[in-house]
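Student: This is the structure I have questions about; it appears just below.
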Amino acid sequence: MEIIDNKFMSKYIPVIGMEVHVELKTKSKMFCDSKNGMGLETEPNVNICPVCTGQPGTLPVANRQAIEFVQKAGLALNCTIRKQSKFDRKNYFYPDLPKGYQISQYDQPFCENGKLDVAGKTIGITRIHLEEDTGKLVHPKNVDYSLVDFNRAGVPLMELVTEPDIETGAEARLFCQKLQQICRYLGISDADMEKGNMRCEANISLYREGEEKLSGTKVEVKNINSFKFVEKAIDVEIKRQTAVLEEGKKVVQETRGWDEGKGDTVSQRVKESAHDYRYFPEPDIPPLRFTDDYIENLRRSLPELPDQKEKRFMEEYGLSRENTDVITSDKSLAEYFEEVVSEIKEKMKCGEVIGDEAKCLKLSANYMVSELQKHLIKNDHKIEEIKITPENYAELIGFIADGKINSSAAQTVLEEMYHTGGDPSQIIEARGLIQVSDEGVLGSIVDEVISKNQKSAEDYKAGKQNALQFLMGQVMKESKGKANPQMVIEMLKKKLS
Ligand SMILES: [Zn+2]
C-alpha cells in the first residue's frame, strides 16, 4: 500500500525572485553614437567605435533616450522615479568586456519600489536600473582560439529585479510575459527571449514551513531562452532542491544553467563568497537630476497600457474577457481591431451595413480571435504583415451581420482575403456564395433531404437531437454551403413536428 505523506507536500515553500535584462531599442548605443543593432548584426564588429571598444582616452556620453525608456518602464510598473541618480563602475575582467568594467548603477537606480499585478497577485519590483550590454564570445570548432564580437558591447540594457514574491514557475512565466507585453506597448524593446532581447534569471530558495521566509540557500538559474522554459526550469529546480532537503542534505549556493536537452538544471559555478565588484561612481559621467515637471511629462506621455486597454475594450466594445485577452495581447492587433470598429461605424452611418452595432463588434472580435488568428499562426505572420485592410474586414463583418453570407461562406471568404488581399464582395460574387434565404428554394431542398433520409427524420421525431444536425448538414451540402442556417433549422423542425 502506498502512503501519501501530506507533510512531504507542504514541508517546503519556494521563494522566487526574478532578475530580468531587457535590451532597449534605442537608435544608438548607451554611451556612444554607434548604431544599436541589438547584437543581431550578421557581420561581426560592424557597429563599433573607440568608445564601445574601450580605447584609452575615450569618454562616454549617456544616451538620453535610453534613460527615458527605463523611466517609462518604471512609471508603467508603478515605481518611484529617483530625482537624483548616477552611474557606477562595476569592475570585473572578462574578454567580452573591453573596458574591464561595466558602466551600471549601484545605489541610485533610476526606478525603485514598483509593483506589477499578475493573475490576481501583486509582485513587488525592487528596482530597475540601466547599464550597458557586453560583447559576445564566439568559439569556433576545432581551433584553439576564441573570437570576440563587440557589436553588442554598449547596447543599452535595462535590469529589473523583483521582490521574492513568486512561488511557482507558472507565476514567474506570467510575470515575464506581462513584462514583455508592457515593453512592447511602451515601444522600448521587442523583449524577444528567443533573440536574447530579454533574458530572465530566477533566484530560487526553499524554506521549511514555520521558519523564516528567506532562510533557505539561494540558487540562481540562468540560460533560459523561452517563456516555456522559465516555468519548466523553475519547477524542475524546486523539485531538485526539495529532494536534496528531503535527503537531509544542504542546498549548495551556486549558479545553475537550464539544460534544455537534459530537461534539468546543471551546476555552472559554485559561489564561495559574494563577488567584490569594487563599485564606485563613474567619474566620466556627472550625476543626473530630474525635475518633477520632467517626470510628470514623461508620465503623461505613456501610452495606454495593457490592463487599461483590456478594461476599456470590455466596457467600450462589450467584448468577452477571453476575446479581449487575445486582442490586447498584441498592441498592433488591438489597433487593427479599433480601425475595424471605426470602419464598421462609418459603414453604419452611410447605411452600407444595417445590422446591430454591438453584434458587429462581437462578430469582428470572434472572427479575429478564431479565424484570423488561425491564419496568422499557420502562416507565421504578424498582424502588421496582413493583406486584409481594416475596411475590407469591416465589409466582410457587415455581410455576415446582415445575413448576406453564412458563417461557413464567411470562413471561405476570409481565407481568400487573407491570401490575396481581395475585396470580399468580389470574392462572394465570383464564388457565388450569397446566402440563400429564399423560402421556396430552401423548402424544396429541405423536402428532398427529408425524403432521402427517412430514417433520420424518424429518429428526430423519436427524440434524437443528433438527427436534426445530420439533416441540417445534408441541406447545407445540397445548397453548396449557401443556405441560411437559421431558416433551415426552423423549416426542418416545422416539417418534422
Ligand atoms: Zn561605439
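Starting from 1 in every chain, residues are counted up; chains themselves are A, B, ... following the order of the C-alpha cells, and ligands are numbered from 1 as listed.
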Can you pull out every residue with an atom within 10 Å of ligand 1? Use only C-alpha atoms and all ligand atoms and format it as a list in words.

Tutor: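 Based on only C-alpha atoms and all ligand atoms, ligand 1 is surrounded within 10 Å by Ser28, Lys29, Met30, Phe31, Cys32, Asp33, Ser34, Lys35, Asn36, Val46, Asn47, Ile48, Cys49, Pro50, Val51, Cys52, Thr53, Gly54, Pro60, Phe150, Asn151, Arg152, Ala153, Gly154 and Val155 of chain A.
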
Student: Export C-alpha atoms of the chosen residues as a compact mmCIF listing (two decimals), in the first residue's frame?

Tutor:
```txt
# COMPACT_ATOMS: atom_id res chain seq x y z
CA SER A 28 22.39 54.44 -30.82
CA LYS A 29 24.26 52.61 -28.09
CA MET A 30 24.32 53.55 -24.40
CA PHE A 31 27.46 55.69 -24.24
CA CYS A 32 28.46 56.40 -27.87
CA ASP A 33 26.84 57.10 -31.23
CA SER A 34 27.46 53.66 -32.72
CA LYS A 35 24.29 52.19 -34.21
CA ASN A 36 22.36 49.96 -31.83
CA VAL A 46 30.43 46.43 -37.71
CA ASN A 47 28.64 48.72 -35.25
CA ILE A 48 31.60 49.65 -33.07
CA CYS A 49 33.73 52.69 -32.27
CA PRO A 50 36.60 53.64 -29.92
CA VAL A 51 34.14 54.25 -27.03
CA CYS A 52 32.31 50.92 -27.05
CA THR A 53 35.53 49.00 -27.64
CA GLY A 54 37.12 50.68 -24.60
CA PRO A 60 31.19 58.04 -22.51
CA PHE A 150 31.74 43.84 -29.94
CA ASN A 151 28.53 44.67 -31.84
CA ARG A 152 26.52 44.10 -28.67
CA ALA A 153 29.02 45.88 -26.40
CA GLY A 154 27.44 49.08 -25.14
CA VAL A 155 23.85 48.25 -26.15
```

Student: Where does DSSP see alpha helix (DSSP H) in region 312-355 of chain A, if you list the residues as a PyMOL selection string?

Tutor: chain A and resi 312-317+321-328+331-349

Student: Val488 (chain A): which residues within 9 Å, counting only C-alpha atoms, same-chain residues fewer than 2 positions away excluded, as a list in words?

Tutor: Ser437, Leu442, Gly443, Val446, Met472, Val475, Met476, Ala483, Asn484, Pro485, Gln486, Glu490, Met491, Leu492 and Lys493 of chain A

Student: Pull N, CA and C atoms from the residues just selected and write them as a short mmCIF file (atom, residue, chain, number, x, y, z; two decimals), in the first residue's frame.

Tutor:
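Now in again23.cif:
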```cif
data_model
loop_
_atom_site.label_atom_id
_atom_site.label_comp_id
_atom_site.auth_asym_id
_atom_site.auth_seq_id
_atom_site.Cartn_x
_atom_site.Cartn_y
_atom_site.Cartn_z
N SER A 437 -31.75 32.64 -48.89
CA SER A 437 -32.76 32.83 -47.85
C SER A 437 -34.15 32.77 -48.45
N LEU A 442 -35.27 27.04 -50.47
CA LEU A 442 -34.85 26.26 -49.31
C LEU A 442 -35.85 25.14 -49.02
N GLY A 443 -37.14 25.47 -49.15
CA GLY A 443 -38.20 24.49 -48.87
C GLY A 443 -38.06 23.25 -49.73
N VAL A 446 -35.09 21.21 -48.49
CA VAL A 446 -35.42 20.54 -47.22
C VAL A 446 -36.30 19.31 -47.49
N MET A 472 -29.57 18.82 -41.15
CA MET A 472 -29.11 20.18 -41.39
C MET A 472 -27.84 20.16 -42.26
N VAL A 475 -28.67 19.44 -45.83
CA VAL A 475 -29.25 20.60 -46.54
C VAL A 475 -28.13 21.56 -46.94
N MET A 476 -27.18 21.79 -46.00
CA MET A 476 -26.08 22.71 -46.29
C MET A 476 -25.26 22.17 -47.47
N ALA A 483 -27.04 27.88 -47.84
CA ALA A 483 -28.35 28.01 -47.19
C ALA A 483 -28.26 28.83 -45.91
N ASN A 484 -29.30 29.60 -45.63
CA ASN A 484 -29.38 30.35 -44.39
C ASN A 484 -29.66 29.36 -43.26
N PRO A 485 -28.70 29.12 -42.38
CA PRO A 485 -28.85 28.04 -41.40
C PRO A 485 -30.05 28.21 -40.46
N GLN A 486 -30.31 29.44 -40.02
CA GLN A 486 -31.45 29.65 -39.11
C GLN A 486 -32.76 29.22 -39.78
N GLU A 490 -35.36 26.05 -38.68
CA GLU A 490 -36.80 26.28 -38.43
C GLU A 490 -37.67 25.45 -39.35
N MET A 491 -37.27 25.39 -40.63
CA MET A 491 -38.07 24.63 -41.60
C MET A 491 -38.07 23.14 -41.26
N LEU A 492 -36.88 22.63 -40.92
CA LEU A 492 -36.78 21.21 -40.58
C LEU A 492 -37.67 20.88 -39.38
N LYS A 493 -37.56 21.72 -38.34
CA LYS A 493 -38.35 21.48 -37.13
C LYS A 493 -39.85 21.50 -37.45
#
```

Student: So how far away is CA of Gly100 (chain A) from CA of Pro56 (chain A), in Å?

Tutor: 11.6 Å

Student: Between A:Lys232, A:Lys494, A:Lys99, A:Lys178, which one has atoms that come closest to Gly57 (chain A), using only C-alpha atoms?

Tutor: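 Of the candidates, the smallest distance to Gly57 (chain A) is held by A:Lys99.
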
Student: Taking the backbone alone, and naming residues the way the document does, which bits of region 264-359 of chain A are strand (DSSP E) by DSSP, as a ChimeraX atom specification?

Tutor: /A:264-270,280-281,288-289

Student: A:Val138, A:Ile450, A:Ile123, A:Val219: which is nearest Leu77 (chain A), counting only C-alpha atoms?

Tutor: A:Ile123

Student: Can you measure CA of Asp190 (chain A) to CA of Lys72 (chain A) for me? One decimal in Å is fine.

Tutor: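 About the pair CA of Asp190 (chain A) and CA of Lys72 (chain A): they are 15.0 Å apart.
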
Student: Would you please work out which residue, of A:Met193, A:Ile327, A:Val22, A:Ile128, is nearest to Gln71 (chain A) when using only C-alpha atoms?

Tutor: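 Among A:Met193, A:Ile327, A:Val22, A:Ile128, it is A:Ile128 that comes nearest to Gln71 (chain A).
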
Student: Which residues are near Leu471 (chain A)? Cut-off 10 Å, only C-alpha atoms, ignore same chain within fewer than 2 positions. Put them as a short mmCIF file (atom, residue, chain, number, x, y, z; two decimals) with N, CA, C and O atoms, in the first residue's frame.

Tutor:
```cif
data_model
loop_
_atom_site.label_atom_id
_atom_site.label_comp_id
_atom_site.auth_asym_id
_atom_site.auth_seq_id
_atom_site.Cartn_x
_atom_site.Cartn_y
_atom_site.Cartn_z
N VAL A 446 -35.09 21.21 -48.49
CA VAL A 446 -35.42 20.54 -47.22
C VAL A 446 -36.30 19.31 -47.49
O VAL A 446 -36.04 18.22 -46.97
N VAL A 449 -34.22 16.50 -48.94
CA VAL A 449 -33.34 15.87 -47.95
C VAL A 449 -34.14 14.95 -47.03
O VAL A 449 -33.72 13.84 -46.71
N ILE A 450 -35.32 15.41 -46.59
CA ILE A 450 -36.14 14.58 -45.70
C ILE A 450 -36.54 13.28 -46.40
O ILE A 450 -36.45 12.19 -45.83
N LYS A 452 -35.04 11.74 -48.78
CA LYS A 452 -33.88 10.85 -49.00
C LYS A 452 -33.39 10.23 -47.70
O LYS A 452 -32.61 9.29 -47.70
N ASN A 453 -33.73 10.85 -46.55
CA ASN A 453 -33.20 10.40 -45.27
C ASN A 453 -34.33 10.10 -44.27
O ASN A 453 -34.38 10.65 -43.17
N SER A 456 -33.40 9.14 -40.57
CA SER A 456 -33.02 10.25 -39.70
C SER A 456 -34.24 11.07 -39.30
O SER A 456 -34.35 11.53 -38.16
N ALA A 457 -35.14 11.26 -40.24
CA ALA A 457 -36.35 12.02 -39.94
C ALA A 457 -37.13 11.32 -38.83
O ALA A 457 -37.59 11.97 -37.88
N TYR A 460 -35.38 11.72 -35.47
CA TYR A 460 -35.60 13.03 -34.85
C TYR A 460 -36.98 13.07 -34.20
O TYR A 460 -37.13 13.54 -33.07
N ASN A 466 -29.51 14.59 -32.39
CA ASN A 466 -28.40 14.44 -33.35
C ASN A 466 -28.89 14.35 -34.79
O ASN A 466 -28.23 14.81 -35.71
N ALA A 467 -30.04 13.73 -34.95
CA ALA A 467 -30.58 13.51 -36.29
C ALA A 467 -30.85 14.84 -36.98
O ALA A 467 -30.67 14.97 -38.20
N LEU A 468 -31.26 15.84 -36.19
CA LEU A 468 -31.55 17.15 -36.77
C LEU A 468 -30.26 17.77 -37.34
O LEU A 468 -30.26 18.33 -38.43
N GLN A 469 -29.17 17.61 -36.57
CA GLN A 469 -27.88 18.13 -37.02
C GLN A 469 -27.46 17.46 -38.32
O GLN A 469 -26.95 18.12 -39.24
N GLY A 473 -26.93 19.26 -41.90
CA GLY A 473 -25.69 19.12 -42.66
C GLY A 473 -25.96 18.75 -44.11
O GLY A 473 -25.32 19.27 -45.03
N GLN A 474 -26.95 17.86 -44.31
CA GLN A 474 -27.31 17.43 -45.67
C GLN A 474 -27.85 18.61 -46.48
O GLN A 474 -27.53 18.75 -47.66
N VAL A 475 -28.67 19.44 -45.83
CA VAL A 475 -29.25 20.60 -46.54
C VAL A 475 -28.13 21.56 -46.94
O VAL A 475 -28.08 22.06 -48.06
N MET A 476 -27.18 21.79 -46.00
CA MET A 476 -26.08 22.71 -46.29
C MET A 476 -25.26 22.17 -47.47
O MET A 476 -24.85 22.92 -48.34
N LYS A 477 -25.10 20.85 -47.49
CA LYS A 477 -24.33 20.22 -48.55
C LYS A 477 -25.03 20.41 -49.91
O LYS A 477 -24.41 20.81 -50.89
N VAL A 488 -33.13 27.13 -42.23
CA VAL A 488 -33.15 25.68 -42.45
C VAL A 488 -33.59 24.95 -41.19
O VAL A 488 -34.47 24.07 -41.23
N ILE A 489 -33.02 25.34 -40.06
CA ILE A 489 -33.37 24.71 -38.78
C ILE A 489 -34.87 24.84 -38.51
O ILE A 489 -35.55 23.86 -38.20
N LEU A 492 -36.88 22.63 -40.92
CA LEU A 492 -36.78 21.21 -40.58
C LEU A 492 -37.67 20.88 -39.38
O LEU A 492 -38.45 19.92 -39.41
#
```

Student: If we count only C-alpha atoms, what is near region 171-176 of chain A at a cut-off of 9 Å, once residues fewer than 4 positions away on the same chain are taken out, given as a PyMOL selection string?

Tutor: chain A and resi 16-18+20+116-119+121+123+166-167+180-181+200+202+227-231+234

Student: As a list in words, please: the residues near Thr255 (chain A) (cut-off 9 Å, only C-alpha atoms, same-chain neighbours under 3 positions excluded).

Tutor: Val219, Glu220, Val221, Lys222, Val266, Ser267, Gln268, Arg269, Val270 and Lys271 of chain A

Student: Once you have the residues from the selection above, write them out as a PDB file, in the first residue's frame, restricted to C-alpha atoms.

Tutor:
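New file part_16.pdb:
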```
ATOM      1  CA  VAL A 219      20.324  29.137  -6.198  1.00  0.00           C
ATOM      2  CA  GLU A 220      20.472  31.240  -9.337  1.00  0.00           C
ATOM      3  CA  VAL A 221      19.137  29.665 -12.544  1.00  0.00           C
ATOM      4  CA  LYS A 222      20.332  31.103 -15.875  1.00  0.00           C
ATOM      5  CA  VAL A 266      23.070  21.840 -14.145  1.00  0.00           C
ATOM      6  CA  SER A 267      25.707  23.356 -11.880  1.00  0.00           C
ATOM      7  CA  GLN A 268      27.791  26.072 -13.533  1.00  0.00           C
ATOM      8  CA  ARG A 269      29.592  27.910 -10.781  1.00  0.00           C
ATOM      9  CA  VAL A 270      29.661  27.491  -7.023  1.00  0.00           C
ATOM     10  CA  LYS A 271      29.585  30.784  -5.154  1.00  0.00           C
TER      11      LYS A 271
END
```

Student: Residues near region 311-321 of chain A, anyone? I mean within 8 Å using only C-alpha atoms, not counting same-chain ones fewer than 5 positions away, as number ranges by chain.

Tutor: A: 358, 361-362, 365

Student: Hey, can you spit out that residue selection with N, CA, C and O atoms as an mmCIF file, in the first residue's frame?

Tutor:
```
data_model
loop_
_atom_site.group_PDB
_atom_site.id
_atom_site.type_symbol
_atom_site.label_atom_id
_atom_site.label_comp_id
_atom_site.auth_asym_id
_atom_site.auth_seq_id
_atom_site.Cartn_x
_atom_site.Cartn_y
_atom_site.Cartn_z
ATOM 1 N N ALA A 358 -23.541 46.414 -31.783
ATOM 2 C CA ALA A 358 -22.954 45.512 -30.777
ATOM 3 C C ALA A 358 -22.682 44.133 -31.388
ATOM 4 O O ALA A 358 -21.652 43.507 -31.141
ATOM 5 N N LEU A 361 -19.591 44.278 -33.589
ATOM 6 C CA LEU A 361 -18.338 44.318 -32.830
ATOM 7 C C LEU A 361 -18.000 42.928 -32.298
ATOM 8 O O LEU A 361 -16.845 42.494 -32.333
ATOM 9 N N LYS A 362 -19.016 42.232 -31.810
ATOM 10 C CA LYS A 362 -18.773 40.877 -31.303
ATOM 11 C C LYS A 362 -18.311 39.954 -32.425
ATOM 12 O O LYS A 362 -17.374 39.175 -32.242
ATOM 13 N N ALA A 365 -14.708 40.629 -33.280
ATOM 14 C CA ALA A 365 -13.799 40.043 -32.287
ATOM 15 C C ALA A 365 -13.736 38.528 -32.446
ATOM 16 O O ALA A 365 -12.648 37.947 -32.467
#
```

Student: Which of these, A:Asp149, A:Pro14, A:Thr42, A:Asp292, has the shortest distance to Pro164 (chain A) once you count only C-alpha atoms?

Tutor: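 Closest candidate: A:Pro14.
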
Student: Using only C-alpha atoms, find the one residue out of A:Ala394, A:Met348, A:Ile434, A:Leu333 that sits nearest to Leu376 (chain A).

Tutor: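 Under the stated criterion, the closest residue is A:Leu333.
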
Student: Just the number, please: distance in Å from CA of Arg289 (chain A) to CA of Lys115 (chain A), one decimal.

Tutor: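 CA of Lys115 (chain A) lies 23.7 Å from CA of Arg289 (chain A).
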
Student: For each of A:Ile224, A:Ile204, A:Ile427, A:Ala233, take the minimum atom-to-atom distance to Val15 (chain A), counting only C-alpha atoms, then give the residue where this is smallest.

Tutor: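 The closest residue to Val15 (chain A) is A:Ile204.
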